[in-house]
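Only one structure is covered here, and it is reproduced in the block below.
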Amino acid sequence: MRAFLLALPFIWGISACGGGGGGASVAPAEKTASQLAQICSADNLLKDDALKPTQAGTLADERQWIRAYLNERYLWYKDIPVVSASDARYNETSATAWENFARSISHYFEDLLNPKYTPTGAKVDQFSFMTPTYSWNQFAQGEELGYGWLLSEQGSGISRRIWVSYVYPVTQNGSASQAGLQRGDEIIRVDDFEVNVPAYATLVDQGLSPSRSESHRFLVKRNGQLVTQEFQLSATTAVLPQAEHQVVIDSENVKWGYLLFNSHVESAQTPLRAALADFKAKSIDQLVIDLRYNSGGYVALASALAYGVAGPNKTVGKTFEKIRHSDKRSAEDESLPFYSTDFDGGVIEALNLSKIYVLTTDQTCSASESIINGLRGVDVDVVQIGGTTCGKPYGFIAQDNCGITYAAMEFEGVNHKGQGGYANGFSPMCAVSDDLSYPLGTITEPMFAAAVAQHRGQVCPSLNATRALGAVGLKGLGSRTTKLMRPDWQRNKMLRPAR
């Protein structure tokens, strides 16, 4: 059943994409969301994963909960379109009972989201989503069913190409690292199916992102040359560390701390503390935080890392991020400090830096953008290298109902100076693409090299020179030419409910 779920659009999250018309707000529900919670349709196959006891209900009950939830908590509640719950779009009948339920509830949630556009033509709400609670819980804890890699994709159909962007340093047998796959490897074939044959696309995707523990074979090119022996990988559920670090000494004897940070989730806490402690013990001169693949997570971890960068003198009594809700929830607005400990009470070492370098792409999103904004709010000079970030100053507290986690945007964040509103993202001072032909964390990797050049007062390298796809090697596989193969719902900034 879960294999089937992954094929449905609602499983990977719903972004605001239409429906409903108008700008009038929906009429208030007769009951509150708490009164309507966990009353579940018999056709909802996810209800057994609900976080609280459930009771028997109908599709209409789950729709009513969604309407009440959005009316109470949604940042743009005034822009909720008027829709009719009796519309056939919200009462599908053309497939199985489960498919009808999944499509109906997805359409209803989607069509109630803010339909407006920004002056630049982007959806105001690109980020609200729904996803199975079991998937959400795995993500929030840093668990993943897969091979321990991040993939990037370019083109489609007969032009489709897929590369390994990053390999997690996990030790499970059958993982990408154990098998010897490397950043920059191009995946040519999955089992017996070429990635650029449109008829095989579904089978290729199922092999790349399996929904259960299973094994698949991968044929790859490395440095443009076919690797004759296939790689066999076994999909397992692993807790991924999400952060790694090293100290690099450049040719001018400058000691650089390099921190690769991939996601603001619980499993990142221990390696983040270790990195900061090591940087302090080794007295680094400069710090690079690599957020190129970090789509967000818990804002509290962003705050803790920012404290580790800036230290107590710059942050004492200061706000890392002020949380602003809609006018009907203004009493819930709060100012988050710079946290000197993580969720588990682990002490964050302070580096007391006044300037850092941050590496970004369009995958740098949400809580990662909070690090940039929060540090600038206390006058830390954040030199941004790479690409423009995704532009998500909004966040939420995840809400489970009947085994489905809903994340409607509830608040907007601003820094200590009141600066926010970066819906168009943060633009880099030096534009450099993500070149997969170089290993991460090396002084020659173009984004890291650009940070070193900026520190030395040198001219930013030409973006065009790094973007061109040449016949020799992989060049310029950055945000403008590839897309990270990651569900959009993982772009998030969420508050952590108190333990």
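Note on naming: chains are A, B, ... as they come in the structure tokens, residues start from 1 per chain, ligands start from 1 in the order shown.
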
To test your reading of the structure, identify every residue in region 124-249 of chain A that backbone DSSP assigns to strand (DSSP E or B), and report it as a PyMOL selection string. chain A and resi 129-132+143-146+149-154+161-167+186-190+193-194+215-222+225-226+231-234+236-239+243-249

Let me see the file: selected residues, C-alpha atoms, as a compact mmCIF listing (two decimals), in the first residue's frame.
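The new file again-v2.txt reads:
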```txt
# COMPACT_ATOMS: atom_id res chain seq x y z
CA PHE A 129 1.77 20.85 2.14
CA MET A 130 0.34 17.59 3.42
CA THR A 131 2.17 14.28 3.66
CA PRO A 132 1.77 10.97 5.51
CA GLU A 143 15.69 9.04 9.04
CA GLU A 144 15.45 8.09 5.41
CA LEU A 145 14.59 4.96 3.48
CA GLY A 146 17.04 4.83 0.62
CA TRP A 149 22.62 9.81 -1.37
CA LEU A 150 21.32 13.03 -2.89
CA LEU A 151 20.64 13.05 -6.62
CA SER A 152 20.37 15.88 -9.16
CA GLU A 153 18.41 15.73 -12.37
CA GLN A 154 18.71 17.64 -15.62
CA ARG A 161 20.35 12.90 -17.00
CA ILE A 162 20.85 12.05 -13.32
CA TRP A 163 23.93 12.54 -11.14
CA VAL A 164 24.97 11.75 -7.61
CA SER A 165 25.38 15.14 -5.90
CA TYR A 166 26.31 13.92 -2.44
CA VAL A 167 26.95 10.62 -0.68
CA GLU A 186 26.20 9.88 -13.61
CA ILE A 187 23.52 7.19 -13.37
CA ILE A 188 22.91 5.76 -16.85
CA ARG A 189 20.70 2.77 -16.09
CA VAL A 190 18.60 1.48 -13.19
CA PHE A 193 16.05 0.53 -17.68
CA GLU A 194 17.92 3.49 -19.19
CA SER A 215 17.79 -3.91 -3.97
CA HIS A 216 18.49 -2.37 -7.35
CA ARG A 217 21.38 -2.29 -9.83
CA PHE A 218 22.90 0.94 -11.14
CA LEU A 219 25.14 1.48 -14.14
CA VAL A 220 27.15 4.72 -13.95
CA LYS A 221 29.65 6.87 -15.76
CA ARG A 222 32.54 8.38 -13.84
CA GLN A 225 33.82 6.95 -18.74
CA LEU A 226 31.46 4.01 -18.31
CA PHE A 231 26.65 -1.09 -8.39
CA GLN A 232 24.07 -3.07 -6.41
CA LEU A 233 22.46 -1.08 -3.60
CA SER A 234 20.01 -2.16 -0.92
CA THR A 236 17.47 0.56 4.10
CA THR A 237 16.22 3.02 6.69
CA ALA A 238 19.15 4.94 8.11
CA VAL A 239 19.52 7.88 10.48
CA ALA A 243 26.35 17.49 9.08
CA GLU A 244 30.07 16.90 8.65
CA HIS A 245 33.10 19.11 8.95
CA GLN A 246 36.82 19.48 8.41
CA VAL A 247 39.58 22.04 8.84
CA VAL A 248 41.39 23.03 5.65
CA ILE A 249 44.59 25.09 5.46
```

Worksheet entry | Residue neighbourhood Ala235 (chain A), 9 Å, only C-alpha atoms, exclusion window fewer than 3 positions, as a VMD selection string | chain A and resid 145 to 148 174 to 175 209 to 216

With only C-alpha atoms as the counted atoms, please give the residues lying no more than 7 Å from Ala398 (chain A), apart from itself and same-chain residues fewer than 5 positions off, as a compact mmCIF listing (two decimals) with N, CA and C atoms, in the first residue's frame.
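The file below, result-v4.txt, is the result:
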```txt
# COMPACT_ATOMS: atom_id res chain seq x y z
N THR A 405 -0.05 14.44 8.06
CA THR A 405 0.53 15.65 8.64
C THR A 405 0.28 16.81 7.69
N TYR A 406 -0.31 17.86 8.25
CA TYR A 406 -0.62 19.08 7.50
C TYR A 406 0.33 20.18 7.96
N ALA A 407 0.78 20.97 7.00
CA ALA A 407 1.69 22.07 7.30
C ALA A 407 1.27 23.28 6.49
```

Practice task
Compare A:Phe261, A:Tyr293, A:Tyr357, A:Trp98 by their minimum atom-to-atom distance to Asp434 (chain A), counting only C-alpha atoms, and give me the closest one.
Solution key: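 The closest residue to Asp434 (chain A) is A:Tyr293.
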
Report task. Would you mind listing what lies within 8 Å of Asp49 (chain A) as JSON, numbers by chain, with only C-alpha atoms counted and same-chain residues fewer than 3 positions away left out? Result -> {"A": [46, 133, 134, 402, 403]}

As an mmCIF file with C-alpha atoms, in the first residue's frame, please: the residues near Gln141 (chain A) (cut-off 10 Å, only C-alpha atoms, same-chain neighbours under 2 positions excluded).
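Resulting contents of result-v1.cif:
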```
data_model
loop_
_atom_site.group_PDB
_atom_site.id
_atom_site.type_symbol
_atom_site.label_atom_id
_atom_site.label_comp_id
_atom_site.auth_asym_id
_atom_site.auth_seq_id
_atom_site.Cartn_x
_atom_site.Cartn_y
_atom_site.Cartn_z
ATOM 1 C CA TRP A 136 6.960 13.344 8.242
ATOM 2 C CA ASN A 137 8.174 11.709 11.463
ATOM 3 C CA GLN A 138 11.008 9.960 9.646
ATOM 4 C CA PHE A 139 12.106 13.216 8.052
ATOM 5 C CA GLU A 143 15.690 9.045 9.037
ATOM 6 C CA GLU A 144 15.448 8.091 5.406
ATOM 7 C CA VAL A 239 19.522 7.881 10.477
ATOM 8 C CA LEU A 240 21.571 10.308 8.435
ATOM 9 C CA HIS A 264 17.910 21.085 10.429
ATOM 10 C CA VAL A 265 16.651 17.855 11.997
ATOM 11 C CA GLU A 266 17.333 16.040 15.261
ATOM 12 C CA SER A 267 20.103 13.816 13.932
ATOM 13 C CA ALA A 268 22.140 16.930 13.027
#
```

Handout entry: Backbone-only DSSP, helix (DSSP H, G or I) members of region 315-398 of chain A, as a PyMOL selection string
Key = chain A and resi 315+327-332+367-376

#### Entry: Neighbour list for Phe109 (chain A) as a list in words, cut-off 9 Å, only C-alpha atoms, skip fewer than 6 positions in-chain
Ile14, Arg63, Ile66, Arg67, Leu70, Phe129 and Met130 of chain A

Selection file, N, CA and C atoms, as a tab-separated table (two decimals), in the first residue's frame:
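Writing done, so here's part_19.tsv:
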```tsv
chain	number	residue	atom	x	y	z
A	14	ILE	N	1.57	18.97	-1.19
A	14	ILE	CA	0.78	19.79	-2.09
A	14	ILE	C	1.25	21.22	-1.96
A	63	ARG	N	-12.65	16.72	5.83
A	63	ARG	CA	-12.71	18.02	5.15
A	63	ARG	C	-13.04	19.13	6.14
A	66	ILE	N	-10.00	20.17	8.07
A	66	ILE	CA	-9.10	21.00	7.27
A	66	ILE	C	-9.59	22.44	7.24
A	67	ARG	N	-10.88	22.63	7.01
A	67	ARG	CA	-11.43	23.98	6.93
A	67	ARG	C	-11.26	24.72	8.25
A	70	LEU	N	-7.38	25.54	8.86
A	70	LEU	CA	-6.91	26.68	8.08
A	70	LEU	C	-7.51	27.98	8.58
A	129	PHE	N	1.79	22.21	2.66
A	129	PHE	CA	1.77	20.85	2.14
A	129	PHE	C	1.07	19.91	3.10
A	130	MET	N	0.82	18.70	2.60
A	130	MET	CA	0.34	17.59	3.42
A	130	MET	C	1.11	16.35	2.99
```

The distance between CA of Thr96 (chain A) and CA of Pro487 (chain A) is 25.2 Å

For Glu349 (chain A), work out the shell of residues within 7 Å, counting only C-alpha atoms and skipping chain neighbours fewer than 4 positions away, then give it as an mmCIF file with N, CA and C atoms, in the first residue's frame.
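Result file follows (selection06.cif):
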```cif
data_model
loop_
_atom_site.group_PDB
_atom_site.id
_atom_site.type_symbol
_atom_site.label_atom_id
_atom_site.label_comp_id
_atom_site.auth_asym_id
_atom_site.auth_seq_id
_atom_site.Cartn_x
_atom_site.Cartn_y
_atom_site.Cartn_z
ATOM 1 N N LEU A 276 31.523 22.539 15.877
ATOM 2 C CA LEU A 276 31.830 23.805 16.537
ATOM 3 C C LEU A 276 32.922 23.630 17.585
ATOM 4 N N ALA A 277 32.854 22.521 18.329
ATOM 5 C CA ALA A 277 33.884 22.264 19.338
ATOM 6 C C ALA A 277 35.255 22.071 18.697
ATOM 7 N N GLY A 308 26.444 29.671 17.852
ATOM 8 C CA GLY A 308 27.801 29.140 17.800
ATOM 9 C C GLY A 308 28.720 29.986 16.935
#
```

Take CA of Val347 (chain A) and CA of Val254 (chain A) and report the distance between them in Å, one decimal.
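Rounded to one decimal, the two atoms are 27.3 Å apart.
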
Min atom-atom distance to Ala37 (chain A) from the set A:Gly57, A:Pro81, A:Gly184, A:Gly121, counting only C-alpha atoms, belongs to A:Gly57

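Nearest to Val227 (chain A) of all the residues A:Leu359, A:Ile323, A:Ala68, A:Leu181 is A:Leu181, counting only C-alpha atoms.
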